[in-house]
Amino acid sequence: VDELRAAAQVHETFTELTVAGAEPHVVLREVARLTGHAVVLETLAYEVLAYDAAGTDPAELLPDWQTRSRRVRTGERTGYDRASGRLVAVVGARGRDWGRLVLLCGQQPPHRHVVVAERAASALAVHHLLAAGGDSLERQAHRDVLRQLLAAPSTVTPLAELVARAEALHVPLTGHRLIGAAIRPRLSDLPGPPTAASTGPLLRDLAEATALATR
């Protein structure tokens with residue numbers, strides 16, 4: 001009976017989040033609150049897009065994330081990997097998977113935690129569909145790290161956490177030099193006066209091309 005009540009509460013919570021189009025960090029916060037475990041949203045290339053450390057130290061959660069996460073295989077859309085102690089739910093919709101929700105359990109999770117992971121993955125998939133016309137989650141994550149780098153890390157995010165976040169995005173900071181670049185798009189080819197609607201796709205394509213050229 002307790003499990004049924006808990007499952008009903010989970011369904012209600014994530015239905016509200018889905019309808020509201022909740023941002024990923026809000027969804028992950030609810031996952032951490034309901035399970036008491038750290039949770040990470042990653043791409044299929046194991047880049048960390050968002051996380052909630054559930055009160056633990058992110059600087060210990062994120063280092064060497066890609067290497068450790070690459071070893072996790074469950075063979076199903078939602079499954080528990082006993083070797084790593086991770087509950088993993090694939091995130092995607094309409095036959096297009098783009099990420100994984102990883103819950104660090106440490107031991108076999110109860111059924112209600114599996115329900116939480118599945119409903120959270122569904123909410124994230126819906127948000128991704130609704131936000132398809134905007135910046136990708138990857139670009140948002142990179143922009144957030146850059147903003148914190150420029151805003152005195154010691155007063156915004158602990159330096160160790162910021163370094164770990166960047167490395168989990170495949171942007172290692174240790175032993176590297178960061179170089180800024182300003183790119184000016186050519187808007188003369190647009191059919192009319194520049195507007196947010198007309199320049200948005202152009203700027204996103206330009207940002208993607210610039211990122212690829214600098215790798």
# chains A, B, ... in the order shown; residues from 1 in each chain; ligands from 1
$ residues_around --residues "Arg165 in chain A" --least-positions-apart "5" --cutoff "12 Å" --atoms "only C-alpha atoms" --output "NGL selection string"
:A and (40 or 42 or 47-53 or 57-66 or 141-146 or 148-149 or 157-160 or 170-174)
$ select_by_dssp --residues "range 66-173 of chain A" --states "strand (DSSP E or B)" --output "PyMOL selection string"
chain A and resi 78-81+86-93+96-104
$ write_last_selection --atoms "N, CA, C and O atoms" --output "short mmCIF file (atom, residue, chain, number, x, y, z; two decimals), in the first residue's frame"
data_model
loop_
_atom_site.label_atom_id
_atom_site.label_comp_id
_atom_site.auth_asym_id
_atom_site.auth_seq_id
_atom_site.Cartn_x
_atom_site.Cartn_y
_atom_site.Cartn_z
N THR A 78 15.17 1.42 -19.03
CA THR A 78 15.36 1.76 -17.62
C THR A 78 15.88 0.53 -16.91
O THR A 78 15.23 -0.52 -16.92
N GLY A 79 17.05 0.64 -16.33
CA GLY A 79 17.63 -0.53 -15.67
C GLY A 79 18.69 -0.15 -14.67
O GLY A 79 19.21 0.97 -14.67
N TYR A 80 19.01 -1.11 -13.82
CA TYR A 80 20.00 -0.89 -12.76
C TYR A 80 21.27 -1.67 -13.09
O TYR A 80 21.23 -2.86 -13.39
N ASP A 81 22.40 -0.97 -13.04
CA ASP A 81 23.70 -1.59 -13.26
C ASP A 81 24.33 -1.87 -11.90
O ASP A 81 24.77 -0.95 -11.20
N ARG A 86 24.27 2.19 -10.36
CA ARG A 86 23.56 3.28 -11.04
C ARG A 86 22.26 2.79 -11.67
O ARG A 86 22.23 1.76 -12.34
N LEU A 87 21.22 3.58 -11.46
CA LEU A 87 19.94 3.37 -12.13
C LEU A 87 19.90 4.31 -13.32
O LEU A 87 20.05 5.52 -13.15
N VAL A 88 19.68 3.76 -14.51
CA VAL A 88 19.77 4.56 -15.74
C VAL A 88 18.45 4.48 -16.50
O VAL A 88 17.89 3.40 -16.71
N ALA A 89 17.96 5.64 -16.94
CA ALA A 89 16.77 5.72 -17.78
C ALA A 89 17.12 6.49 -19.04
O ALA A 89 17.64 7.61 -18.97
N VAL A 90 16.84 5.90 -20.19
CA VAL A 90 17.11 6.57 -21.47
C VAL A 90 16.09 7.69 -21.66
O VAL A 90 14.90 7.54 -21.36
N VAL A 91 16.56 8.84 -22.17
CA VAL A 91 15.70 10.00 -22.39
C VAL A 91 15.55 10.24 -23.89
O VAL A 91 16.55 10.34 -24.61
N GLY A 92 14.33 10.33 -24.35
CA GLY A 92 14.07 10.59 -25.76
C GLY A 92 12.60 10.39 -26.05
O GLY A 92 11.82 9.93 -25.21
N ALA A 93 12.21 10.76 -27.28
CA ALA A 93 10.81 10.62 -27.69
C ALA A 93 10.75 10.49 -29.20
O ALA A 93 11.67 10.90 -29.92
N ARG A 96 13.71 9.04 -31.09
CA ARG A 96 14.99 9.75 -31.11
C ARG A 96 15.48 9.94 -29.68
O ARG A 96 15.04 10.84 -28.97
N ASP A 97 16.38 9.07 -29.26
CA ASP A 97 16.97 9.17 -27.94
C ASP A 97 18.15 10.13 -27.98
O ASP A 97 18.94 10.14 -28.92
N TRP A 98 18.27 10.96 -26.94
CA TRP A 98 19.35 11.96 -26.93
C TRP A 98 20.10 12.02 -25.60
O TRP A 98 21.11 12.73 -25.48
N GLY A 99 19.66 11.28 -24.60
CA GLY A 99 20.36 11.37 -23.32
C GLY A 99 20.03 10.23 -22.39
O GLY A 99 19.27 9.32 -22.72
N ARG A 100 20.63 10.29 -21.21
CA ARG A 100 20.37 9.30 -20.15
C ARG A 100 20.26 10.04 -18.82
O ARG A 100 21.03 10.96 -18.54
N LEU A 101 19.32 9.59 -18.02
CA LEU A 101 19.18 10.07 -16.67
C LEU A 101 19.82 9.03 -15.75
O LEU A 101 19.43 7.86 -15.77
N VAL A 102 20.79 9.45 -14.97
CA VAL A 102 21.57 8.52 -14.16
C VAL A 102 21.37 8.84 -12.68
O VAL A 102 21.68 9.95 -12.22
N LEU A 103 20.85 7.87 -11.95
CA LEU A 103 20.61 8.01 -10.52
C LEU A 103 21.65 7.17 -9.79
O LEU A 103 21.75 5.97 -10.02
N LEU A 104 22.44 7.79 -8.94
CA LEU A 104 23.51 7.08 -8.23
C LEU A 104 22.95 6.51 -6.92
O LEU A 104 22.87 7.20 -5.91
#
$ closest_residue --among "A:Ala22, A:Glu208, A:Glu76, A:Arg82" --to "Ala131 in chain A" --atoms "only C-alpha atoms"
A:Ala22
$ select_by_dssp --residues "range 103-163 of chain A" --states "alpha helix (DSSP H)" --output "NGL selection string"
:A and (111-130 or 137-150 or 153-156 or 159-163)
$ atom_distance --atom1 "CA of Leu124 in chain A" --atom2 "CA of Val27 in chain A"
7.3 Å
$ residues_around --residues "Ala207 in chain A" --least-positions-apart "2" --cutoff "12 Å" --atoms "only C-alpha atoms" --output "ChimeraX atom specification"
/A:135-136,139-140,142-143,181-185,200-205,209-214
